[in-house]
Number of protein chains: 2
Amino acid sequence: MDTSDEVQDFLLNGYKYYIPHVSLDCAIFGYHERQLKLLLIKRAFLDGWNLPGGYIKRTEKLVEAAERNVRERTGIDNLFLQQFKTFGDPTRLNFDDYDEEKWFEATGVRIKRDNWLLDQTVSIGFYSITDFSQSVPHPDLMSEACAWFDLDRLPKLEYDHDEMVREALHTMRIQLYHYPIGISLLPEKFTLSEIHSLYETLLGKKLDVSNFPKKLISMGLLKKLDEKRNIGAHRSPHLYTFDKARYEDALKEGLVLS
Amino acid sequence: MDTSDEVQDFLLNGYKYYIPHVSLDCAIFGYHERQLKLLLIKRAFLDGWNLPGGYIKRTEKLVEAAERNVRERTGIDNLFLQQFKTFGDPTRLNFDDYDEEKWFEATGVRIKRDNWLLDQTVSIGFYSITDFSQSVPHPDLMSEACAWFDLDRLPKLEYDHDEMVREALHTMRIQLYHYPIGISLLPEKFTLSEIHSLYETLLGKKLDVSNFPKKLISMGLLKKLDEKRNIGAHRSPHLYTFDKARYEDALKEGLVLS
């Protein structure tokens, strides 16, 4: 592999610009028309699929580092990112069988066992939800591949990333009851059936047919429009849209929705 | 100050036994009969009050480190601890005005500006709720004082600990809707009024009078006992207790309670 000076410098001196012992990993869920997916990458120097992630610059806030990492690894920008848990089991990264020759072959850089990248690392988990039909991921020079996978057909992930996905999903599902969601996942105008499907798919279970949309309406998050969608004879459901000001407030303050 | 060998070794060589750049802080809430308090400590080498916390041994899981820190700083054991957020703003600890002579005076150890303790640190926040009437905190040799403060009369805290308390409270209040609580905060047998007061105090707001207890009963978390408490003429409310098996399941699985 032809390693650029930039990558070489990162491998050898990265601890000067990044906080050593701390990384972050991002579970980016993708929704579109009743389908739920997860974004995975394959790093250039390592086997198998895992969550996109990386390190935190010494000048960055955590969420800024998460935004930058997602953008660099996948090309996706301006995502809503939410911390869900930090992972620090001492056995989570296992470099016991570290093979200097193998890394040299892969990276073109001689990395000693006491390199900063191979020391114990605590990783901060972020999750996000985006519309996968709008997001075409592209890998950067540290990644070999980057793709959306159906959530119910994920490959076995590296390290503790299976656990991270479980925890991200658990937190996302709890937070659905307390934060509004959907502005970037639905068209500008949508039917109650469409927002109902969104909640069912994200929660992974059947819901009482009009429960969630009704709550959203009673809280002033949804506005009924004087417009209908014509989807066939005798079927023309009303269209709705989000009240953006109320939505932003609810994102800040939280709410109880169930 | 007379510094023990142990403390001296920690200050100079701690990065060998602990993960550098990573700490943890614990917001320990105390409940008793409609009062909500927070546990604060005053560290020996530093000014002002802050949350108890410390570092993570290289052999520990994060939650084990949190348990040990709380036990060492406060003498409180066996607490339920839950991660709420990790804090990493680059300006969160400000050692720009580091004064070597002042630290030498306080610790008896000459700590250079490049000491591991003065480098950038990301801190993992845990919260907990205990019965403060059962928990008499005692400071260890790194702390000067340790005490319960009324939540609505907290002193200004050091670093970013005011923000940590806000975030801990916010997460705890959301999680109250999804995890059962109360086994260690109420007597073995209690009235519906007592558990109602517990939820009102923790949530910090008035609740529809029988909302939460009714939900708990309908989910099988509360069992009605064939016993009443005699609290005066014409007043003898029924006593209830937790169904422990159902309670443990709900702690693992989560539930929706609102």
# chains A, B, ... in the order shown; residues from 1 in each chain; ligands from 1
$ interface_residues --of "chain B" --to "chain A" --cutoff "8 Å" --atoms "only C-alpha atoms" --output "list in words"
Ile19, Pro20, His21, Val22, Arg58, Thr59, Glu60, Lys61, Leu62, Gln83, Phe84, Lys85, Thr86, Phe87, Gly88, Asp89, Pro90, Gln120, Val122, Ile124, Ile174, His178, Val256 and Ser258 of chain B
$ residues_around --residues "B:Cys146" --least-positions-apart "3" --cutoff "8 Å" --atoms "only C-alpha atoms" --output "PyMOL selection string"
chain B and resi 39-42+73-74+137-139+143
$ write_last_selection --atoms "N, CA, C and O atoms" --output "short mmCIF file (atom, residue, chain, number, x, y, z; two decimals), in the first residue's frame"
data_model
loop_
_atom_site.label_atom_id
_atom_site.label_comp_id
_atom_site.auth_asym_id
_atom_site.auth_seq_id
_atom_site.Cartn_x
_atom_site.Cartn_y
_atom_site.Cartn_z
N LEU B 39 -24.69 14.88 46.44
CA LEU B 39 -23.47 14.69 47.21
C LEU B 39 -22.31 15.47 46.57
O LEU B 39 -22.02 15.29 45.38
N LEU B 40 -21.64 16.30 47.35
CA LEU B 40 -20.49 17.06 46.83
C LEU B 40 -19.26 16.81 47.69
O LEU B 40 -19.38 16.52 48.88
N ILE B 41 -18.11 16.94 47.07
CA ILE B 41 -16.86 16.83 47.84
C ILE B 41 -15.99 18.06 47.60
O ILE B 41 -16.15 18.80 46.63
N LYS B 42 -15.10 18.24 48.52
CA LYS B 42 -14.09 19.29 48.40
C LYS B 42 -12.76 18.55 48.38
O LYS B 42 -12.42 17.85 49.34
N ARG B 73 -14.31 7.79 47.88
CA ARG B 73 -14.50 9.21 48.21
C ARG B 73 -15.54 9.44 49.28
O ARG B 73 -15.53 10.44 49.97
N THR B 74 -16.50 8.52 49.36
CA THR B 74 -17.68 8.80 50.20
C THR B 74 -18.02 7.70 51.19
O THR B 74 -18.84 7.92 52.08
N PRO B 137 -21.73 9.98 54.27
CA PRO B 137 -20.50 10.02 53.49
C PRO B 137 -19.30 10.38 54.35
O PRO B 137 -19.42 11.13 55.31
N HIS B 138 -18.14 9.80 54.03
CA HIS B 138 -16.92 10.22 54.71
C HIS B 138 -15.82 10.38 53.68
O HIS B 138 -15.63 9.53 52.82
N PRO B 139 -15.11 11.49 53.74
CA PRO B 139 -14.06 11.75 52.74
C PRO B 139 -12.85 10.85 52.95
O PRO B 139 -12.59 10.39 54.05
N SER B 143 -9.72 13.82 49.73
CA SER B 143 -10.80 14.79 49.90
C SER B 143 -10.74 15.41 51.29
O SER B 143 -10.34 14.77 52.25
#
$ select_by_dssp --residues "stretch 149-230 of chain A" --states "strand (DSSP E)" --output "PyMOL selection string"
chain A and resi 149-150+222-228
$ residues_around --residues "stretch 192-209 of chain B" --least-positions-apart "5" --cutoff "12 Å" --atoms "only C-alpha atoms" --output "number ranges by chain"
B: 29-38, 128-131, 151-152, 168-177, 180-187, 214-217, 222-225, 228-229, 236-242, 257-258
$ atom_distance --atom1 "atom CA of A:Gln134" --atom2 "atom CA of A:Lys156"
26.0 Å
$ closest_residue --among "B:Phe132, B:Lys102, B:Arg166, B:Glu6" --to "B:Phe149" --atoms "only C-alpha atoms"
B:Phe132
